[in-house]
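Student: For reference, the file my_file_31.cif (mmCIF, C-alpha atoms and all ligand atoms) is included below:
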data_work
loop_
_atom_site.label_atom_id
_atom_site.label_comp_id
_atom_site.auth_asym_id
_atom_site.auth_seq_id
_atom_site.Cartn_x
_atom_site.Cartn_y
_atom_site.Cartn_z
CA MET F 13 146.32 142.26 -96.78
CA PRO F 14 148.81 143.78 -99.23
CA THR F 15 148.10 143.08 -102.88
CA ASP F 16 150.53 141.12 -105.00
CA LEU F 17 152.54 144.02 -106.28
CA SER F 18 154.17 142.34 -109.26
CA GLN F 19 150.80 141.18 -110.58
CA THR F 20 149.30 144.65 -110.11
CA LEU F 21 152.33 146.13 -111.86
CA ALA F 22 151.95 143.77 -114.80
CA GLU F 23 148.29 144.78 -115.16
CA LEU F 24 149.14 148.46 -114.97
CA ASN F 25 151.90 148.08 -117.54
CA ARG F 26 149.44 146.34 -119.85
CA ALA F 27 146.91 149.15 -119.40
CA ILE F 28 149.60 151.76 -120.09
CA ALA F 29 150.81 149.89 -123.18
CA ALA F 30 147.24 149.56 -124.49
CA ALA F 31 146.47 153.25 -123.94
CA THR F 32 149.77 154.17 -125.61
CA ALA F 33 148.92 152.04 -128.65
CA ARG F 34 145.36 153.43 -128.82
CA ALA F 35 146.84 156.92 -128.91
CA GLY F 36 149.02 155.89 -131.86
CA ARG F 37 152.16 156.51 -129.84
CA PRO F 38 155.25 154.29 -129.92
CA PRO F 39 155.74 151.52 -127.33
CA GLY F 40 157.67 152.84 -124.35
CA ALA F 41 156.54 156.43 -124.87
CA VAL F 42 155.03 156.51 -121.39
CA THR F 43 156.89 155.90 -118.12
CA LEU F 44 155.13 154.76 -114.96
CA VAL F 45 156.18 156.77 -111.93
CA GLY F 46 155.38 154.78 -108.78
CA VAL F 47 154.26 157.28 -106.14
CA VAL F 48 155.61 155.97 -102.86
CA LYS F 49 154.41 158.59 -100.36
CA THR F 50 153.47 156.94 -97.06
CA GLN F 51 154.53 153.49 -98.27
CA PRO F 52 156.69 151.53 -95.84
CA GLU F 53 160.25 150.86 -96.87
CA ALA F 54 159.59 147.14 -97.45
CA ARG F 55 156.82 147.94 -99.92
CA VAL F 56 159.06 150.31 -101.88
CA ARG F 57 161.79 147.69 -101.98
CA GLU F 58 159.25 145.21 -103.30
CA ALA F 59 158.26 147.68 -106.02
CA VAL F 60 161.89 148.20 -107.06
CA PHE F 61 162.48 144.44 -107.22
CA ALA F 62 159.26 144.05 -109.24
CA GLY F 63 160.73 146.47 -111.79
CA VAL F 64 159.42 149.93 -110.92
CA ALA F 65 162.44 151.99 -111.99
CA VAL F 66 161.02 155.48 -111.53
CA LEU F 67 159.58 156.61 -108.21
CA GLY F 68 157.83 159.78 -107.04
CA GLU F 69 158.09 161.36 -103.60
CA ASN F 70 155.98 164.15 -102.07
CA ARG F 71 157.99 165.32 -99.10
CA VAL F 72 161.71 165.93 -98.85
CA GLN F 73 162.17 164.82 -95.24
CA GLU F 74 160.10 161.69 -95.64
CA ALA F 75 162.05 160.84 -98.80
CA GLN F 76 165.42 161.39 -97.11
CA ALA F 77 164.53 158.98 -94.34
CA ARG F 78 163.18 156.39 -96.76
CA TRP F 79 166.18 156.48 -99.09
CA ALA F 80 168.69 156.40 -96.28
CA ALA F 81 167.13 153.03 -95.44
CA LEU F 82 167.01 152.03 -99.13
CA ALA F 83 170.53 153.20 -100.01
CA ASP F 84 171.40 149.80 -101.48
CA VAL F 85 168.79 150.18 -104.26
CA ARG F 86 168.93 153.96 -104.71
CA GLY F 87 171.27 153.62 -107.72
CA GLN F 88 168.75 151.42 -109.56
CA VAL F 89 165.98 154.00 -109.66
CA GLU F 90 165.19 157.49 -110.85
CA LEU F 91 163.74 159.57 -108.02
CA ARG F 92 161.34 162.38 -108.82
CA MET F 93 160.08 165.07 -106.45
CA ILE F 94 156.38 165.60 -107.20
CA GLY F 95 155.18 167.46 -104.09
CA PRO F 96 155.24 171.15 -103.19
CA LEU F 97 158.80 172.25 -102.42
CA GLN F 98 159.81 174.92 -99.93
CA SER F 99 162.81 177.02 -100.86
CA ASN F 100 164.55 176.13 -97.61
CA LYS F 101 164.48 172.47 -98.71
CA ALA F 102 166.13 173.22 -102.08
CA ASP F 103 169.58 172.01 -100.96
CA ASP F 104 168.21 168.71 -99.71
CA ALA F 105 166.06 168.27 -102.80
CA VAL F 106 168.95 168.88 -105.19
CA ALA F 107 171.07 166.41 -103.22
CA LEU F 108 168.44 163.66 -103.30
CA PHE F 109 166.37 163.86 -106.47
CA ASP F 110 167.15 163.14 -110.12
CA VAL F 111 164.14 165.17 -111.25
CA ILE F 112 162.20 167.96 -109.56
CA GLU F 113 158.73 168.32 -111.10
CA THR F 114 157.36 171.13 -108.97
CA LEU F 115 159.32 174.24 -109.87
CA ASP F 116 156.62 176.90 -109.63
CA ARG F 117 158.03 180.26 -108.56
CA PRO F 118 161.06 182.53 -109.02
CA SER F 119 162.22 182.26 -105.39
CA LEU F 120 162.37 178.48 -105.68
CA ALA F 121 164.22 178.74 -109.01
CA ALA F 122 166.81 180.95 -107.31
CA ALA F 123 167.22 178.52 -104.41
CA LEU F 124 167.52 175.51 -106.72
CA ALA F 125 170.03 177.26 -108.98
CA LYS F 126 172.15 178.18 -105.98
CA ALA F 127 172.03 174.62 -104.63
CA MET F 128 172.94 173.21 -108.06
CA ARG F 129 175.97 175.47 -108.33
CA ALA F 130 177.11 174.61 -104.82
CA GLN F 131 176.70 170.85 -105.28
CA GLY F 132 177.64 170.49 -108.94
CA ARG F 133 174.46 168.43 -109.42
CA ARG F 134 171.81 169.25 -111.99
CA PRO F 135 168.52 167.42 -111.45
CA ARG F 136 166.22 167.81 -114.44
CA LEU F 137 163.42 170.29 -113.80
CA LEU F 138 159.76 170.39 -114.72
CA VAL F 139 157.52 173.39 -114.16
CA GLN F 140 154.25 172.72 -112.38
CA VAL F 141 151.38 174.50 -114.11
CA ASN F 142 148.17 175.32 -112.26
CA THR F 143 145.97 174.49 -115.25
CA GLY F 144 142.80 174.98 -113.24
CA GLU F 145 144.04 178.31 -111.84
CA GLU F 146 142.94 177.14 -108.40
CA PRO F 147 143.97 179.68 -105.77
CA GLN F 148 144.83 177.01 -103.18
CA LYS F 149 147.03 175.01 -105.56
CA THR F 150 150.70 175.47 -106.38
CA GLY F 151 151.84 175.97 -109.95
CA VAL F 152 152.51 178.72 -112.47
CA ALA F 153 149.34 180.10 -114.09
CA PRO F 154 149.17 179.11 -117.78
CA GLN F 155 149.30 182.72 -118.94
CA ASP F 156 152.44 183.35 -116.87
CA LEU F 157 154.42 180.37 -118.14
CA ALA F 158 156.24 182.14 -120.99
CA ASP F 159 157.45 184.91 -118.70
CA PHE F 160 158.42 182.45 -115.99
CA LEU F 161 160.50 180.32 -118.37
CA ALA F 162 162.25 183.41 -119.76
CA ARG F 163 162.88 184.77 -116.31
CA ILE F 164 164.48 181.64 -114.85
CA ARG F 165 166.56 181.15 -117.99
CA ASP F 166 167.86 184.71 -117.95
CA ALA F 167 168.39 184.96 -114.20
CA HIS F 168 169.73 181.47 -113.47
CA GLY F 169 170.39 179.63 -116.74
CA LEU F 170 167.70 177.09 -115.82
CA ALA F 171 166.17 175.15 -118.72
CA PRO F 172 163.27 172.92 -117.61
CA VAL F 173 162.65 169.83 -119.72
CA GLY F 174 158.92 169.55 -119.16
CA LEU F 175 155.66 170.43 -117.46
CA MET F 176 153.58 168.82 -114.73
CA CYS F 177 149.97 169.38 -113.62
CA ILE F 178 147.36 168.14 -111.17
CA PRO F 179 143.92 168.95 -112.62
CA PRO F 180 141.13 170.08 -110.29
CA ALA F 181 139.63 167.01 -108.67
CA GLU F 182 136.06 167.96 -109.54
CA GLU F 183 136.55 168.59 -113.27
CA PRO F 184 137.05 166.25 -116.23
CA PRO F 185 140.85 166.11 -116.65
CA GLY F 186 141.01 165.98 -120.46
CA PRO F 187 140.97 169.75 -121.12
CA HIS F 188 143.69 170.25 -118.49
CA PHE F 189 145.90 167.60 -120.07
CA ALA F 190 145.27 169.13 -123.50
CA LEU F 191 146.27 172.56 -122.22
CA LEU F 192 149.46 171.23 -120.62
CA ALA F 193 150.40 169.42 -123.85
CA LYS F 194 149.78 172.58 -125.88
CA LEU F 195 151.97 174.65 -123.55
CA ALA F 196 154.76 172.05 -123.73
CA ARG F 197 154.66 172.05 -127.55
CA ARG F 198 154.70 175.82 -127.66
CA HIS F 199 157.84 175.93 -125.50
CA GLY F 200 159.58 172.91 -127.00
CA LEU F 201 159.47 170.90 -123.76
CA SER F 202 159.54 167.11 -124.08
CA GLU F 203 158.38 165.74 -120.72
CA LEU F 204 154.72 165.82 -119.73
CA SER F 205 153.99 164.53 -116.22
CA MET F 206 150.22 164.16 -115.99
CA GLY F 207 147.71 161.53 -115.04
CA MET F 208 147.28 159.58 -111.80
CA SER F 209 145.55 156.31 -110.84
CA GLY F 210 142.10 157.52 -111.87
CA ASP F 211 142.93 159.21 -115.16
CA PHE F 212 146.25 157.97 -116.54
CA GLU F 213 144.66 156.51 -119.69
CA THR F 214 143.14 159.90 -120.53
CA ALA F 215 146.50 161.56 -119.86
CA ILE F 216 148.25 159.14 -122.22
CA ALA F 217 145.72 159.98 -124.94
CA PHE F 218 146.72 163.64 -124.54
CA GLY F 219 150.46 162.96 -124.66
CA ALA F 220 151.64 162.19 -121.10
CA THR F 221 155.22 160.90 -121.00
CA HIS F 222 155.08 160.23 -117.25
CA VAL F 223 152.03 158.99 -115.33
CA ARG F 224 152.22 159.26 -111.55
CA ILE F 225 150.50 156.26 -109.98
CA GLY F 226 150.10 155.64 -106.27
CA GLY F 227 146.87 153.95 -105.23
CA ALA F 228 146.46 151.75 -108.32
CA LEU F 229 149.92 150.29 -107.73
CA PHE F 230 150.28 150.15 -103.96
CA GLY F 231 146.67 150.00 -102.81
CA ALA F 232 144.62 152.77 -101.25
CA ARG F 233 146.23 155.36 -99.04
CA ALA F 234 144.83 157.18 -96.04
CA ASP F 235 146.11 160.65 -96.96
CA HIS F 236 144.46 161.72 -100.18
CA ALA F 237 144.61 165.31 -98.95
CA ALA F 238 148.37 165.28 -99.53
CA ILE F 239 148.00 166.17 -103.21
CA SER F 240 146.35 169.51 -102.50
CA THR F 241 148.67 170.84 -99.83
CA PRO F 242 148.53 174.63 -99.71
CA SER F 243 151.26 176.71 -101.37
CA PRO F 244 154.48 176.79 -99.42
CA THR F 245 155.66 180.32 -98.71
C1 LIG F 301 149.69 161.13 -104.55
C2 LIG F 301 150.02 161.75 -105.84
C3 LIG F 301 149.86 161.04 -107.03
C4 LIG F 301 149.29 159.63 -107.09
O1 LIG F 301 147.94 159.66 -106.85
P1 LIG F 301 147.06 158.31 -106.96
O2 LIG F 301 145.69 158.81 -107.18
O3 LIG F 301 147.26 157.59 -105.68
O4 LIG F 301 147.59 157.56 -108.12
C5 LIG F 301 150.23 161.66 -108.21
N1 LIG F 301 150.72 162.91 -108.21
C6 LIG F 301 150.90 163.62 -107.09
C7 LIG F 301 151.45 164.99 -107.17
C8 LIG F 301 150.54 163.07 -105.88
O5 LIG F 301 150.70 163.79 -104.76
#
Starting from the file, lay out its structure as structure tokens.
Ligand SMILES: *Cc1c(COP(=O)(O)O)cnc(C)c1O
Tutor:
Amino acid sequence: MPTDLSQTLAELNRAIAAATARAGRPPGAVTLVGVVKTQPEARVREAVFAGVAVLGENRVQEAQARWAALADVRGQVELRMIGPLQSNKADDAVALFDVIETLDRPSLAAALAKAMRAQGRRPRLLVQVNTGEEPQKTGVAPQDLADFLARIRDAHGLAPVGLMCIPPAEEPPGPHFALLAKLARRHGLSELSMGMSGDFETAIAFGATHVRIGGALFGARADHAAISTPSPT
């Protein structure tokens, strides 16, 4: 039995607004990103009609198929790539997404820069940071971020607007959110994509501008493993 999405959305928006106010941040400082991986097309359409204007996708091919079927509402939403991205999918990702949150290595930066030049499109970029330095997880190590940003600027003229992280599942997320916020301040980056269904209020307290919410909006999913997919090569 699907939940009533608009009611769930209203509750989530209230929780986000309350957490934003508690953190002493201005109304509207935090954007809900509805994570639509594995959701059927009808459910995504329902979310768009209910007012979810920013959506997150994990896989390029799955997203292409979904948005071919949802072409009539594509112009009403911002689409963000939040899953691991293979360099050979850079062309497709640049063509489809408004924002790519998972830039995490020089080879991908090169592929994205090339695709952007070829297509004349410039999706905004976030760098994924592996705040927990987990070997199986994608993301730039915190101590490598300064070099990485300099390198992609010098080599490709890329200027990311923010940072994204997925804290280790078994640790309290607060210190990871604090670290990501500190790194963003240090590098003058304005967008902070952090916090999911279970910890978005904590993320907002630490300065999240974008919270990525799947289960709490759409109901439980079967594929929780999808967030810790191994590094693409
Ligand atoms: C699935 C996913 C989310 C949403 O997770 P929920 O716990 O369902 O809210 C957020 N970020 C990423 C990168 C994901 O893959």
Student: Quick one: contact table of chain F to ligand LIG 301 (chain F), 7 Å max, nearest atom pair and distance in Å to one decimal per residue, counting only C-alpha atoms and all ligand atoms, chain and number order, as a Markdown table?
Tutor:
| residue | atom | partner | partner_atom | distance |
| --- | --- | --- | --- | --- |
| F:Val47 | CA | F:LIG301 | C4 | 5.6 |
| F:Lys49 | CA | F:LIG301 | C1 | 6.8 |
| F:Asn70 | CA | F:LIG301 | O5 | 5.9 |
| F:Ile94 | CA | F:LIG301 | C7 | 5.0 |
| F:Gly95 | CA | F:LIG301 | C7 | 5.4 |
| F:Ile178 | CA | F:LIG301 | C7 | 6.5 |
| F:Met208 | CA | F:LIG301 | O4 | 4.2 |
| F:Ser209 | CA | F:LIG301 | O4 | 3.6 |
| F:Gly210 | CA | F:LIG301 | O2 | 6.0 |
| F:Arg224 | CA | F:LIG301 | C5 | 4.6 |
| F:Ile225 | CA | F:LIG301 | O4 | 3.7 |
| F:Gly226 | CA | F:LIG301 | O3 | 3.5 |
| F:Gly227 | CA | F:LIG301 | O3 | 3.7 |
| F:Ala228 | CA | F:LIG301 | O4 | 5.9 |
| F:His236 | CA | F:LIG301 | C1 | 6.8 |
| F:Ala238 | CA | F:LIG301 | O5 | 5.9 |
| F:Ile239 | CA | F:LIG301 | O5 | 3.9 |
Student: Please identify all polymer residues within 12 Å of Ala121 in chain F, counting all atoms listed in the file, omitting same-chain residues fewer than 2 positions from it, and present them as a PyMOL selection string.
Tutor: chain F and resi 97-100+102-103+106+112-119+123-128+137-139+160-172
Student: Give me the residues near Ala27 in chain F as a list in words, where near means some atom within 12 Å (using all atoms listed in the file) and where sequence neighbours in that chain fewer than 2 positions away do not count.
Tutor: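 Listed by chain and then number, they are Thr20, Leu21, Ala22, Glu23, Leu24, Asn25, Ala29, Ala30, Ala31, Thr32, Ala33, Arg34, Val42, Leu44, Ser209, Asp211, Phe212, Glu213, Thr214, Ile216, Val223 and Ala228 of chain F.
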Student: Env of range 185-202 of chain F: 10 Å cut, atoms = all atoms listed in the file, seq-sep filter 4 positions within chain, self excluded. Answer as a PDB file with C-alpha atoms, keeping the file's coordinate frame.
Tutor:
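Listing of selection_11.pdb after writing:
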ATOM      1  CA  LEU F 138     159.760 170.390-114.720  1.00  0.00           C
ATOM      2  CA  GLN F 140     154.250 172.720-112.380  1.00  0.00           C
ATOM      3  CA  VAL F 141     151.380 174.500-114.110  1.00  0.00           C
ATOM      4  CA  ASN F 142     148.170 175.320-112.260  1.00  0.00           C
ATOM      5  CA  THR F 143     145.970 174.490-115.250  1.00  0.00           C
ATOM      6  CA  GLY F 144     142.800 174.980-113.240  1.00  0.00           C
ATOM      7  CA  PRO F 154     149.170 179.110-117.780  1.00  0.00           C
ATOM      8  CA  GLN F 155     149.300 182.720-118.940  1.00  0.00           C
ATOM      9  CA  LEU F 157     154.420 180.370-118.140  1.00  0.00           C
ATOM     10  CA  ALA F 158     156.240 182.140-120.990  1.00  0.00           C
ATOM     11  CA  LEU F 161     160.500 180.320-118.370  1.00  0.00           C
ATOM     12  CA  ALA F 171     166.170 175.150-118.720  1.00  0.00           C
ATOM     13  CA  PRO F 172     163.270 172.920-117.610  1.00  0.00           C
ATOM     14  CA  VAL F 173     162.650 169.830-119.720  1.00  0.00           C
ATOM     15  CA  GLY F 174     158.920 169.550-119.160  1.00  0.00           C
ATOM     16  CA  LEU F 175     155.660 170.430-117.460  1.00  0.00           C
ATOM     17  CA  MET F 176     153.580 168.820-114.730  1.00  0.00           C
ATOM     18  CA  CYS F 177     149.970 169.380-113.620  1.00  0.00           C
ATOM     19  CA  ILE F 178     147.360 168.140-111.170  1.00  0.00           C
ATOM     20  CA  PRO F 179     143.920 168.950-112.620  1.00  0.00           C
ATOM     21  CA  PRO F 180     141.130 170.080-110.290  1.00  0.00           C
ATOM     22  CA  ALA F 181     139.630 167.010-108.670  1.00  0.00           C
ATOM     23  CA  MET F 206     150.220 164.160-115.990  1.00  0.00           C
ATOM     24  CA  GLY F 207     147.710 161.530-115.040  1.00  0.00           C
ATOM     25  CA  GLY F 210     142.100 157.520-111.870  1.00  0.00           C
ATOM     26  CA  ASP F 211     142.930 159.210-115.160  1.00  0.00           C
ATOM     27  CA  PHE F 212     146.250 157.970-116.540  1.00  0.00           C
ATOM     28  CA  THR F 214     143.140 159.900-120.530  1.00  0.00           C
ATOM     29  CA  ALA F 215     146.500 161.560-119.860  1.00  0.00           C
ATOM     30  CA  ILE F 216     148.250 159.140-122.220  1.00  0.00           C
ATOM     31  CA  ALA F 217     145.720 159.980-124.940  1.00  0.00           C
ATOM     32  CA  PHE F 218     146.720 163.640-124.540  1.00  0.00           C
ATOM     33  CA  GLY F 219     150.460 162.960-124.660  1.00  0.00           C
ATOM     34  CA  ALA F 220     151.640 162.190-121.100  1.00  0.00           C
ATOM     35  CA  THR F 221     155.220 160.900-121.000  1.00  0.00           C
TER      36      THR F 221
END
Student: Please measure the separation of CA of Asp110 in chain F and CA of Arg136 in chain F, giving the value in Å to one decimal.
Tutor: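 Value for the CA of Asp110 in chain F-CA of Arg136 in chain F distance: 6.4 Å.
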Student: Quick one: of F:Ala54, F:Ala122, F:Ala59, F:Ala35, who's nearest to Gln19 in chain F, counting all atoms listed in the file?
Tutor: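 Residue with the minimum atom-to-atom distance to Gln19 in chain F: F:Ala59.
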Student: Go through F:Leu229, F:Leu108, F:Val152, F:Val45 one by one, measure the shortest atom-to-atom distance of each to Ala80 in chain F using all atoms listed in the file, and give the residue with the smallest value.
Tutor: F:Leu108
Student: Neighbours of Ala77 in chain F within 12 Å (only C-alpha atoms; same-chain residues fewer than 4 positions away dropped), as a count of residues only?
Tutor: 13
Student: Provide the CA of Arg92 in chain F to CA of Ala107 in chain F distance in Å, to one decimal place.
Tutor: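 Separation of CA of Arg92 in chain F and CA of Ala107 in chain F: 11.9 Å.
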Student: Report, as lines of an AutoDock Vina configuration file, the axis-aligned box around all atoms of range 187-205 of chain F present in the file, extended by 8 Å on each side; give centre and edge lengths in Å to one decimal place.
Tutor:
center_x = 150.3
center_y = 170.2
center_z = -121.9
size_x = 34.6
size_y = 27.4
size_z = 27.4
Student: Between F:Val66, F:Arg26, F:Pro96, F:Leu17, which has the minimum distance to Val111 in chain F (counting all atoms listed in the file)?
Tutor: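 Of all the options, F:Val66 lies closest to Val111 in chain F.
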Student: Please compute the CA of Thr43 in chain F-CA of His222 in chain F distance, one decimal, in Å.
Tutor: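 Interatomic distance here is 4.8 Å.
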Student: Between F:Gly46, F:Gly68, F:Pro39, F:Pro184, single out the one closest to Gly231 in chain F, counting all atoms listed in the file.
Tutor: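 Under the stated criterion, the closest residue is F:Gly46.
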Student: So which one's closest to Val60 in chain F, F:Lys149, F:Phe109, F:Gln76, F:Val48? Using all atoms listed in the file, please.
Tutor: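 Of F:Lys149, F:Phe109, F:Gln76, F:Val48, the one nearest Val60 in chain F is F:Val48, counting all atoms listed in the file.
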Student: Reconstruct N, CA, C and O atoms of range 63-87 of chain F; output as an mmCIF file, keeping the file's coordinate frame.
Tutor:
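Resulting contents of result-v4.cif:
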data_model
loop_
_atom_site.group_PDB
_atom_site.id
_atom_site.type_symbol
_atom_site.label_atom_id
_atom_site.label_comp_id
_atom_site.auth_asym_id
_atom_site.auth_seq_id
_atom_site.Cartn_x
_atom_site.Cartn_y
_atom_site.Cartn_z
ATOM 1 N N GLY F 63 160.375 145.810 -110.547
ATOM 2 C CA GLY F 63 160.730 146.470 -111.790
ATOM 3 C C GLY F 63 160.275 147.910 -111.926
ATOM 4 O O GLY F 63 160.358 148.487 -113.009
ATOM 5 N N VAL F 64 159.783 148.513 -110.858
ATOM 6 C CA VAL F 64 159.420 149.930 -110.920
ATOM 7 C C VAL F 64 160.730 150.727 -110.824
ATOM 8 O O VAL F 64 161.385 150.739 -109.786
ATOM 9 N N ALA F 65 161.109 151.363 -111.915
ATOM 10 C CA ALA F 65 162.440 151.990 -111.990
ATOM 11 C C ALA F 65 162.385 153.486 -111.763
ATOM 12 O O ALA F 65 163.420 154.140 -111.671
ATOM 13 N N VAL F 66 161.178 154.040 -111.713
ATOM 14 C CA VAL F 66 161.020 155.480 -111.530
ATOM 15 C C VAL F 66 160.008 155.690 -110.405
ATOM 16 O O VAL F 66 158.896 155.150 -110.452
ATOM 17 N N LEU F 67 160.418 156.464 -109.390
ATOM 18 C CA LEU F 67 159.580 156.610 -108.210
ATOM 19 C C LEU F 67 159.363 158.081 -107.888
ATOM 20 O O LEU F 67 160.258 158.913 -108.099
ATOM 21 N N GLY F 68 158.181 158.404 -107.379
ATOM 22 C CA GLY F 68 157.830 159.780 -107.040
ATOM 23 C C GLY F 68 157.657 159.941 -105.549
ATOM 24 O O GLY F 68 157.050 159.086 -104.890
ATOM 25 N N GLU F 69 158.174 161.044 -105.034
ATOM 26 C CA GLU F 69 158.090 161.360 -103.600
ATOM 27 C C GLU F 69 157.417 162.719 -103.434
ATOM 28 O O GLU F 69 157.606 163.627 -104.243
ATOM 29 N N ASN F 70 156.682 162.886 -102.320
ATOM 30 C CA ASN F 70 155.980 164.150 -102.070
ATOM 31 C C ASN F 70 156.638 165.072 -101.073
ATOM 32 O O ASN F 70 156.371 166.263 -101.071
ATOM 33 N N ARG F 71 157.423 164.495 -100.178
ATOM 34 C CA ARG F 71 157.990 165.320 -99.100
ATOM 35 C C ARG F 71 159.465 165.016 -98.959
ATOM 36 O O ARG F 71 159.867 163.851 -98.882
ATOM 37 N N VAL F 72 160.257 166.079 -98.867
ATOM 38 C CA VAL F 72 161.710 165.930 -98.850
ATOM 39 C C VAL F 72 162.163 165.113 -97.636
ATOM 40 O O VAL F 72 162.934 164.162 -97.770
ATOM 41 N N GLN F 73 161.665 165.499 -96.446
ATOM 42 C CA GLN F 73 162.170 164.820 -95.240
ATOM 43 C C GLN F 73 161.787 163.347 -95.211
ATOM 44 O O GLN F 73 162.598 162.492 -94.852
ATOM 45 N N GLU F 74 160.543 163.084 -95.601
ATOM 46 C CA GLU F 74 160.100 161.690 -95.640
ATOM 47 C C GLU F 74 160.955 160.894 -96.632
ATOM 48 O O GLU F 74 161.360 159.761 -96.367
ATOM 49 N N ALA F 75 161.248 161.521 -97.772
ATOM 50 C CA ALA F 75 162.050 160.840 -98.800
ATOM 51 C C ALA F 75 163.476 160.595 -98.324
ATOM 52 O O ALA F 75 164.041 159.528 -98.556
ATOM 53 N N GLN F 76 164.043 161.574 -97.625
ATOM 54 C CA GLN F 76 165.420 161.390 -97.110
ATOM 55 C C GLN F 76 165.500 160.192 -96.190
ATOM 56 O O GLN F 76 166.415 159.378 -96.270
ATOM 57 N N ALA F 77 164.520 160.090 -95.296
ATOM 58 C CA ALA F 77 164.530 158.980 -94.340
ATOM 59 C C ALA F 77 164.373 157.656 -95.078
ATOM 60 O O ALA F 77 165.095 156.688 -94.818
ATOM 61 N N ARG F 78 163.433 157.623 -96.037
ATOM 62 C CA ARG F 78 163.180 156.390 -96.760
ATOM 63 C C ARG F 78 164.430 155.928 -97.517
ATOM 64 O O ARG F 78 164.806 154.771 -97.489
ATOM 65 N N TRP F 79 165.076 156.886 -98.212
ATOM 66 C CA TRP F 79 166.180 156.480 -99.090
ATOM 67 C C TRP F 79 167.484 156.302 -98.351
ATOM 68 O O TRP F 79 168.424 155.690 -98.872
ATOM 69 N N ALA F 80 167.549 156.772 -97.120
ATOM 70 C CA ALA F 80 168.690 156.400 -96.280
ATOM 71 C C ALA F 80 168.582 154.904 -95.974
ATOM 72 O O ALA F 80 169.566 154.169 -95.997
ATOM 73 N N ALA F 81 167.348 154.454 -95.732
ATOM 74 C CA ALA F 81 167.130 153.030 -95.440
ATOM 75 C C ALA F 81 167.200 152.160 -96.695
ATOM 76 O O ALA F 81 167.389 150.952 -96.606
ATOM 77 N N LEU F 82 167.015 152.792 -97.873
ATOM 78 C CA LEU F 82 167.010 152.030 -99.130
ATOM 79 C C LEU F 82 168.261 152.344 -99.965
ATOM 80 O O LEU F 82 168.249 152.198 -101.192
ATOM 81 N N ALA F 83 169.328 152.756 -99.292
ATOM 82 C CA ALA F 83 170.530 153.200 -100.010
ATOM 83 C C ALA F 83 171.059 152.137 -100.969
ATOM 84 O O ALA F 83 171.585 152.467 -102.033
ATOM 85 N N ASP F 84 170.866 150.880 -100.627
ATOM 86 C CA ASP F 84 171.400 149.800 -101.480
ATOM 87 C C ASP F 84 170.707 149.722 -102.843
ATOM 88 O O ASP F 84 171.289 149.200 -103.787
ATOM 89 N N VAL F 85 169.464 150.228 -102.951
ATOM 90 C CA VAL F 85 168.790 150.180 -104.260
ATOM 91 C C VAL F 85 168.628 151.568 -104.888
ATOM 92 O O VAL F 85 168.095 151.695 -105.995
ATOM 93 N N ARG F 86 169.106 152.589 -104.210
ATOM 94 C CA ARG F 86 168.930 153.960 -104.710
ATOM 95 C C ARG F 86 169.474 154.116 -106.136
ATOM 96 O O ARG F 86 168.886 154.786 -106.973
ATOM 97 N N GLY F 87 170.625 153.484 -106.404
ATOM 98 C CA GLY F 87 171.270 153.620 -107.720
ATOM 99 C C GLY F 87 170.496 152.964 -108.850
ATOM 100 O O GLY F 87 170.769 153.226 -110.022
#
